[in-house]
Structures are given as C-alpha cells and as structure tokens.
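Data block below; observations after.
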Amino acid sequence: MNLPSLSWAYWCVLVAALLPYLSSYIAKAGAFKPGDNRSPRQWSTHLSGWRARANSAQANGFEGLPFFIGAVIIAHQLGAAQPMLDLLAAAYVLLRIVYVALYIADRSSLRSAVWALAFVVNIAILFAGR
C-alpha cells in the first residue's frame with residue numbers, strides 16, 4: 001500500500017477528524033449494547049458523568065473541525081511556510097487531545113483555557129500564509 005504524500009498539516013487534519021470518533025468510542029465503551037444501535041442519539045441523552053462529557057467532547061470536536069480544515073487549506077493556498085504550518089497544525093491537534101482528556105476528567109476551567117489556546121492556534125494557521 002502506498003500512502004499519499006501529504007504534508008504533516010494534512011495528516012493533522014485526518015487526526016483531528018478522527019478525534020471526535022475516539023471521544024464517541026470512549027463515551028460508549030462498555031455501556032453501549034447491540035440493541036442500543038437502533039437509536040444511538042436517544043441512548044446518548046441518558047449518559048451522565050464522564051461518559052456524557054466524552055460525548056460532549058465529540059460534539060465539540062465536530063463543531064471545531066470545519067474551521068481547522070479550512071484554515072489548513074487556506075494556509076496551504078496562500079503559500080504558508082510548510083514547517084510553520086506543520087508545527088501549528090500539530091500544536092492544534094495536541095491541544096485538542098489535551099482538551100478531550102480535560103473534558104472527560106471534568107477539569108472545566110483548564111479545559112476552557114486549552115480550548116481558547118487551540119482556537120488562537122487555529123487563527124494563527126489561517127493567517128500563516130504569506
């Protein structure tokens with residue numbers, strides 16, 4: 001199998017796109033039964049505690065994803081320096097991983113600070129072009 005030669009920033013887009021699914025898996029692991037698949041959205045309304053927070057992290061991941069994807073594509077189109085773009089994209093993904101962990105751990109103030117930092121990094125990506 002020959003993997004496409006994508007920039008690190010584009011690989012970060014893939015990782016960021018997979019993170020909400022990881023959050024969903026965490027929310028469902030050990031509690032989701034085969035019959036629950038008939039109406040999984042209704043099932044998720046009954047979640048509480050860390051499972052509910054993992055599910056909320058999933059929703060937030062999908063909400064922030066379009067901006068990240070757009071910022072990376074625009075930065076590429078505007079000729080951003082690839083090493084800087086790759087570094088910013090990796091920082092965004094790492095911050096989002098920390099965000100998910102803090103969300104699940106119920107560290108709301110720190111989680112919000114990390115979210116804000118990731119948002120600023122995303123804006124930096126958008127304006128990284130020359």
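The chains in the structure tokens are called A, B, ... from first to last as shown; in each chain the residues are counted from 1, and the ligands are counted from 1 in the order shown.
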
Can you list, as number ranges by chain, all residues belonging to chain A that DSSP tags as alpha helix (DSSP H)? A: 8-28, 40-44, 49-77, 82-104, 108-126

Find the residues around region 80-89 of chain A up to 8 Å (only C-alpha atoms counted), leave out those fewer than 3 positions away in its own chain, and share them as a list in words. Ser7, Trp8, Ala9, Cys12, Val13, Val72, Ala75, His76, Gln77, Tyr92, Val93, Val121, Asn122, Ala124, Ile125, Ala128, Gly129 and Arg130 of chain A

Need to verify the contact set: Ala29 (chain A), 10 Å, only C-alpha atoms, exclusion of same-chain residues closer than 5 positions in sequence. Can you return it as a PyMOL selection string? chain A and resi 23-24+51

Could you dump the residues just selected with all heavy atoms as an mmCIF file, in the first residue's frame?
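Generated file (part03.cif):
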```cif
data_model
loop_
_atom_site.group_PDB
_atom_site.id
_atom_site.type_symbol
_atom_site.label_atom_id
_atom_site.label_comp_id
_atom_site.auth_asym_id
_atom_site.auth_seq_id
_atom_site.Cartn_x
_atom_site.Cartn_y
_atom_site.Cartn_z
ATOM 1 N N SER A 23 -13.637 10.148 20.938
ATOM 2 C CA SER A 23 -14.457 10.604 22.069
ATOM 3 C C SER A 23 -15.755 9.814 22.158
ATOM 4 O O SER A 23 -16.193 9.436 23.255
ATOM 5 C CB SER A 23 -14.767 12.099 21.935
ATOM 6 O OG SER A 23 -13.593 12.854 21.977
ATOM 7 N N SER A 24 -16.364 9.561 21.026
ATOM 8 C CA SER A 24 -17.596 8.780 20.993
ATOM 9 C C SER A 24 -17.348 7.361 21.485
ATOM 10 O O SER A 24 -18.132 6.810 22.252
ATOM 11 C CB SER A 24 -18.165 8.744 19.578
ATOM 12 O OG SER A 24 -19.305 7.928 19.519
ATOM 13 N N ARG A 51 -18.996 9.815 30.876
ATOM 14 C CA ARG A 51 -19.498 9.379 29.570
ATOM 15 C C ARG A 51 -20.210 10.539 28.856
ATOM 16 O O ARG A 51 -20.042 10.735 27.653
ATOM 17 C CB ARG A 51 -20.442 8.190 29.721
ATOM 18 C CG ARG A 51 -19.743 6.918 30.121
ATOM 19 C CD ARG A 51 -20.719 5.743 30.124
ATOM 20 N NE ARG A 51 -20.120 4.564 30.708
ATOM 21 C CZ ARG A 51 -19.272 3.761 30.085
ATOM 22 N NH1 ARG A 51 -18.905 4.022 28.849
ATOM 23 N NH2 ARG A 51 -18.787 2.704 30.697
#
```

List as an MDAnalysis selection string the protein and nucleic acid residues near region 30-33 of chain A, meaning an atom at most 10 Å away when only C-alpha atoms are counted, but skip any in the same chain fewer than 6 places from it. chainID A and resid 40 43:44 47 51
